[in-house]
Each structure stands twice: as C-alpha cells, then as structure tokens.
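Q: Could you have a look at this structure, given as structure tokens, before my questions?
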4 protein chains.
Amino acid sequence: MAEDQQPGFDPVAGGRVRHRDEAEVEFNRIVSFSDGVFAIAITLLVLGLAVPEDSSNIAHELLDNRDDLIAYAISFAVLGRYWLAHHRFFSALERFDGRLMGLNLVYLAFIALVPFSSEVLGDYSRETGAIVVYAINMILVSGTFHAQLVYSYRKGLVRPEARAFERRYAGPANLLVVGVFLISIPVAFASPLAATLLWLAIFFVGRWLSDRLARTRS
Amino acid sequence: MAEDQQPGFDPVAGGRVRHRDEAEVEFNRIVSFSDGVFAIAITLLVLGLAVPEDSSNIAHELLDNRDDLIAYAISFAVLGRYWLAHHRFFSALERFDGRLMGLNLVYLAFIALVPFSSEVLGDYSRETGAIVVYAINMILVSGTFHAQLVYSYRKGLVRPEARAFERRYAGPANLLVVGVFLISIPVAFASPLAATLLWLAIFFVGRWLSDRLARTRS
Amino acid sequence: MAEDQQPGFDPVAGGRVRHRDEAEVEFNRIVSFSDGVFAIAITLLVLGLAVPEDSSNIAHELLDNRDDLIAYAISFAVLGRYWLAHHRFFSALERFDGRLMGLNLVYLAFIALVPFSSEVLGDYSRETGAIVVYAINMILVSGTFHAQLVYSYRKGLVRPEARAFERRYAGPANLLVVGVFLISIPVAFASPLAATLLWLAIFFVGRWLSDRLARTRS
Amino acid sequence: MAEDQQPGFDPVAGGRVRHRDEAEVEFNRIVSFSDGVFAIAITLLVLGLAVPEDSSNIAHELLDNRDDLIAYAISFAVLGRYWLAHHRFFSALERFDGRLMGLNLVYLAFIALVPFSSEVLGDYSRETGAIVVYAINMILVSGTFHAQLVYSYRKGLVRPEARAFERRYAGPANLLVVGVFLISIPVAFASPLAATLLWLAIFFVGRWLSDRLARTRS
C-alpha cells in the first residue's frame, strides 16, 4: 500500500480506488470532461432545427416545424436536469475508481446520443417509432446513471454525509424517470401525444418530490 | 443550520441558498458550463455560412451570400456582448440557489438557439419573418437574463459593493436591449433593413451609456 | 539560466524544458485544450448518425442504419480509451517542452479526424475501403501517441515513480493497438467483418493485460 | 483608486485596467473562453471533409477528395500555431482591460471563421477565389492579433520580463505571417498552387526564427 502514498501519479485503468483529494487534478479533469460532453450535446441540439427552405413564407414554415422547437425544449430541459443530477452526484462522491469512470463514459455515450434522438423526435413527433427511440435513449441514460449510483454505494465511494440524501432522494427519483419512460413506450403505440404528455409529468413529479424533501429536511 | 456547515456536499436541487465560497467547486462548475455553452454556440455560428456550390465563380457566390457574413458578425457581436454581461453578473454574485440555476439553464437554452436564428437571418435577411425570429430570440435571451438579475436582487444574492452598479447600469442596459428588439418587430414589417439598422444602434448606445457611466464614477 | 527562475512567463515555442509546477497554468491550459478536443470529437460522433428520411417506417429505417450505431459505439469506446490513456500519460508527466506540445497537436489532429472516419465506417461498414480508412486513422492516433511516450522517456520528462508503469504497461499496450489495427488492414481485404471483430479483441486483451498487471503489482 | 481595492467585483465593460492577480477568476474565464473557441473551431474542421457518397469505390473517392485532407492539415496546423501564440501572449499579460477583451473577441470571430474558409479551400483548392478567401481570413486573424499586441504594449499591460521577447520575437513573427498571406493573394491569381506552397514557407521560416532566437538567448 506504500505506493498509494505517492502523490500525483495514478493510473485510472489500474482499478485502484482513490480519494478525490488524493488525485484532485484527475478528478477535476473527469468532471470537466463530463461537463464538456454535456455542454456540447446540449448546444448541438440546435442542429436538429430545420432552417426554412423557401423565403415566401418563413413564419408559416417555422410554425409547421414547431415540433422541432418542442423537441429542442424537451431535450434541453432533460439534458439540463441530467446535468444537475450528475453534478450533484459527483459532488457527493468522495472516492472514485476506474470502473466508475468506465460506467461514466458509457453514460456519456448515451448523453451524447440525445441530439440524434431529439432530431428524430422533432422530425417525426407524431410517429410511434420516434417516441420509442427517444424513450429508449432516456432509459439508457437513466439506467447507466443508476448503475453509477448503485456501484458507488456498494463500493462506499460516496461521502458519509451525502449517503442518506442520495439513497432517499436521487436513487428513487432516477428510477421514477426510468419507469415513466418505460411506461411511455406502450402508451406511444396507442397515442404518441399521450406518451409525450406523460414525459412532462416527470418535471412536475420531480418538483413535488423536491418540495416534499425540502419540507421533510427542515 | 448545522448541516450548512458540512463542507462540499450541496444538492443544488434542494433549494437552499449557498455562498459561492462555501461551494466554490459547484459555483465554478456552473460558470464553466455556461461558458462552454457560450463558446460552442458562438463557434457553431460558422455552420450557418453557405459554402459555394459552383467553382466557376467563387468570389461572386460569396458576395451573393454576404448576408451570411453580416448575420455571422451581428450574432458574434451579440453573443460576445451577452457573454460579457453574463460574465460580469456572475462575478457580482455572492450567493446562488437552485432556482437561479434553473433560470440560468432557460437563459442558456435561448443562447444556444442563436446559431439557428442567425442562420435564418443570414438566409432571409430581407424577409420580415427572419427579422422577427431573430428579434424574438434576442428578447427571450434578454428577458431571461433580466429575470436572473431581478431574482438575485430580490433574494439578496449580489455582493453589496456590486449592487449599485448592477442596479444603475446592467439592469437598464438590458431593458434597453429588450426595448430596441421589441420596437424592431413592427419596424421589420415596414422595412427589414431599417430593423437591422436599429439593432446596430444598441452597440452605440451601449458604448455611450458605458462612457457616461465611467465619467459619473470618476 | 537565471531567467528560468522568472516565474510565470514561458514562451512554449522557445524550446526550453519546464517543470509542470513551474508553469502550472500553462500546463493545465494544454491539458484542458486536449480534453476539449476529445470532448468535442466524441460528441461530434453523433453527427454521423443518419436521421430517417421517411416517416412511414422509422423503426425499419433505423434498423437498416444500425451500422451507424455500431460505428458510434466503437468510436465512442475507442476515443474514451484514448482519452483515459492520454489522461494517464499527462498525469505521469513531470516536465514538458515545445516539441512535446507540437507532437500533442499532431496527435489531436488525428483524434479530431475520428468523427469523419467513423461516419465513413458507419455508412460503408461492409466495404474494405471504409475499414482501411478507419484502421489508418487509429494507427496514426496510436503512432503519434507512441511518439509522445518515446520522446518524453528519452528526454526524461516522466515522473520517476511512473516510469516503470508507463514503460511496462502503457508502451506495450499502445504498440499492441497499433499491431491489431495494422493486421486488420490485410484482413479487411478478405473480410471486412472479420477485421471489425479483430478490433473488438483489443478491448478484451486490454482488460486482460490490465488485470494481469494489477495481479503483478499487488 | 479606493474602489480598485474591492476584491472580486470588476465590471469588464467599465474600461478600468486590472491586474490579472487582482481578478484571477475573471482573467482565467477569458482565457478558458478563448481556449474553448480554439478547441471547438479546430475540431469543427472535420465537418469540412466530404464523406464518400458511393460505395463502389470509397478509396478512389477519398483520393479525389484529398484536397479536403490537405486543407484540414493546413488549418489544423495554422490554428494550432495561432493557439500557441495566443497562449504565449496571454501568459505574458500582466494586466488587462475591457478594450483588450473586445479586441480578443473580434480576433476570436475570425478564428471561428476558419472552419468555413478551410471548407471552401478544401472544396476549391485549385481556384484563385478559394485561396484569396483563406488568405483574407488569415490576414484578419493575424491583424487582430497584432492589434492586441500593439495595444497591450502601448498600455503597458505586458509583464516587464516578457516585453523584450514579445517585441523582438512575437511581433515580427506575426507581421511576417501577415506579409506572406498578403503576398499569396496576387500569387494566387497566377497560380493557386504556388500560393499554397508559399504558405508552407511560414512554418519553415517560423522554425528558423525560433531556432535563431534560441541561439541568441543562450
């Protein structure tokens, strides 16, 4: 264990668990990389918006493409929420290891897919197929986020003072998101619109959970 | 309040107001994320420029597309200005909470839309519709920025020494921008060119306000 | 040499070797820049995915384009791995000079090419040409990474405590990657699928090497 | 001057000159923003590469598009060089003000244009028009960089120990780049290829200047 005291060099791939303060630069670099992927993915959403092709009636064409704007708004809100959750989770981490970093990369791969799913959703928002693609992407994002939560609890990587909060709040909130998106898939076969409205419920339930938690804690 | 002393863990979604020094990493991460969105949006503006499709007369085709370059210049200047204002506002913040972070995300959603509005403007700069789209985008950006200013004043999140400056300068300057873009919408129905020229006035008025302020303070 | 003691100013182009602590801001800026290129390249991979063009059967069209998703997954995994290796290498660096920075830029030029090669691979995954293009890109990435490793060992830029690890693990692992991609080129002329499967072997061999190393060290 | 002592709040738009240590967070944020624009612009170059459209002969189509790869290589090298120069210049800055930040934004607007000029160059590398577009872009980049150098010398914003180096090396090297690109414009009317070869000379002259300087200093 003596070599663990060597400051500054730490092969992430080596599978050793390290304290975030022991390897602050490394930890910050991983957080920055994740933030970078989030910031780029959220800004690439704009590429899914179709620029009108005919000058005769721009306003009309934009109104026809309003589903593009709705998909943009949904995806921006969803990615923003995921970023806040990721942000909170990483601030609750006390230690990390190579496997958690691997899980984080898989998670980021699904985050970086959102601009694609969002463009599909914007172009075919009334088609069951597009709703299903979007829902699957979100389930994969939330699922790999959950895998990170579970793994870091099992390995004891979370700060003691944050454990109760993460276990009682973040875990269930995340499973709820998975559940809503799962349910929305069969719903989409009956009505794509109903599935989209179901997604909106997440935001209100999220706020309600958040408010209830704030009351419980005070 | 005892749990406020726990260093390092702070659930942003929890609604608690925190001092920026108490949660420096969190605060910096939010600032970095915002800067990332600004940097990406400003660099994606270039994707709105149309590459000539016919080699026989490149210079001629580029001149025909000069409105693309003008839209690029306007949008770069506008995003640069907004970034400086956001930059200044965040340096004046002493504390922040989850609601302010939420407002900031909505603000960033409108910032990230600018490459789209800018491409529409570049492609149809003589059409009323394109001017209106661009003006609405700017009003939404300035409006959500103003919401952040007002909210943080009301909640006392701004450093005492910066309050007078922000109240006397940043707030009015921002409302002025909203006003000019609002007025440009009816103007665009009469003359798209006149509306564009009206926007240019913001830069000169901004400088004049800035100079006048500098004189007042010295 | 007296001017080497002047803190803070250090012309990278000047060819002088500097300690990372002596020029911490500079060093961090280079690391951030590299991370930025990685984060952008990995997020741009999504632009290689083709959005369905016909609403009649989205699911069918997406299934037809499943090679796009496979290329996305491969490239995300590959760029993620390279990033971890680059990350580890830079954390093992003790000093750096202008020539290493130049090599790093060439390396980043090949990293930034991956979204292109990946799109070619996704569009033509059964064509020998696409496999060869992808393999060449990877050989250039690994080759310029190896050049950085070799150069920094020769110039003694690596921390003493990290030297054994880098020499025994990182160097051979990287050459192995080069080897597998080299072999995959003639294989691709016989069977593009076989070449792709060969690439997968890198991940398993990499893990096996990593596990074996962990056992050796403990 | 008393208000200059107020730590932390500093309205960039206010036109006051500030020491980089006095406003470290502000200064770093500007540097990060510039680095972000560079990293994004350099990575967006890849979007200028044309993916083959016909699977029958990918290798052949890629060879036909080899000018795309040459333009990519030139632009990556050029942006890398500009980044190193910008990097060095900002590490030599001791103080900064709003006007310098404004100049830096204009400079970044021309940096962010490079992916466009590079795509034009890659598509029409044998056309005079494309060469001229590229050369004008580079002249604008170098020109606004020079404006920053001159302004910061005149206002005494550069660290004393860096002044001689910047004045004797960075300034002339930058003017040389402007000169070569200026000369390449008339040359492009005679021969686009000759103009491109002329650009290559910059790299060799740059190295020679750098080597000569290293000898002079030792």
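Residue numbering restarts at 1 for every chain of the structure tokens, chains are lettered A, B, ... in their displayed order, and ligands are numbered from 1 as they appear.
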Step one, run DSSP on the backbone; step two, keep only residues of region 7-181 of chain D assigned to alpha helix (DSSP H); then write them as JSON, numbers by chain.
A: {"D": [24, 25, 26, 27, 28, 29, 30, 31, 32, 33, 34, 35, 36, 37, 38, 39, 40, 41, 42, 43, 44, 58, 59, 60, 61, 62, 63, 64, 66, 67, 68, 69, 70, 71, 72, 73, 74, 75, 76, 77, 78, 79, 80, 81, 82, 83, 84, 85, 86, 87, 88, 89, 90, 91, 92, 98, 99, 100, 101, 102, 103, 104, 105, 106, 107, 108, 109, 110, 111, 114, 115, 116, 117, 118, 119, 120, 121, 122, 123, 128, 129, 130, 131, 132, 133, 134, 135, 136, 137, 138, 139, 140, 141, 142, 143, 144, 145, 146, 147, 148, 149, 150, 151, 152, 153, 154, 160, 161, 162, 163, 164, 165, 171, 172, 173, 174, 175, 176, 177, 178, 179, 180, 181]}
Q: Please list as a PyMOL selection string every residue within 9 Å of Pro186 (chain A), counting only C-alpha atoms and excluding residues in the same chain fewer than 5 positions away.
A: chain A and resi 132+191+195
Q: Can you pull out the residues contacting region 75-80 of chain B? Cut-off 9 Å, using only C-alpha atoms, and skip same-chain residues under 3 positions away; I want them as a list in words.
A: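 In the requested form, the answer reads Phe38, Ala41, Ile42, Thr43, Leu45, Ile70, Ala71, Tyr72, Trp83, Leu84, Ala85, Ile111, Val114, Pro115, Ser118 and Met138 of chain B; Gly102, Leu105, Val106 and Ala109 of chain D.
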Q: How many Å separate CA of Ser56 (chain A) from CA of Arg126 (chain B)?
A: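 CA of Ser56 (chain A) sits 11.2 Å away from CA of Arg126 (chain B).
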Q: Find the residues of chain C that sit at most 12 Å from chain B; for each, write down the nearest two atoms and how far apart they are in Å, to one decimal. Count only C-alpha atoms. Sort by chain, then by number going up, and give it as a Markdown table.
A:
```
| residue | atom | partner | partner_atom | distance |
| --- | --- | --- | --- | --- |
| C:Gly36 | CA | B:Gly36 | CA | 9.9 |
| C:Ala39 | CA | B:Gly36 | CA | 11.4 |
| C:Ile40 | CA | B:Ile40 | CA | 9.5 |
| C:Thr43 | CA | B:Ile40 | CA | 11.9 |
| C:Leu44 | CA | B:Ile40 | CA | 12.0 |
```
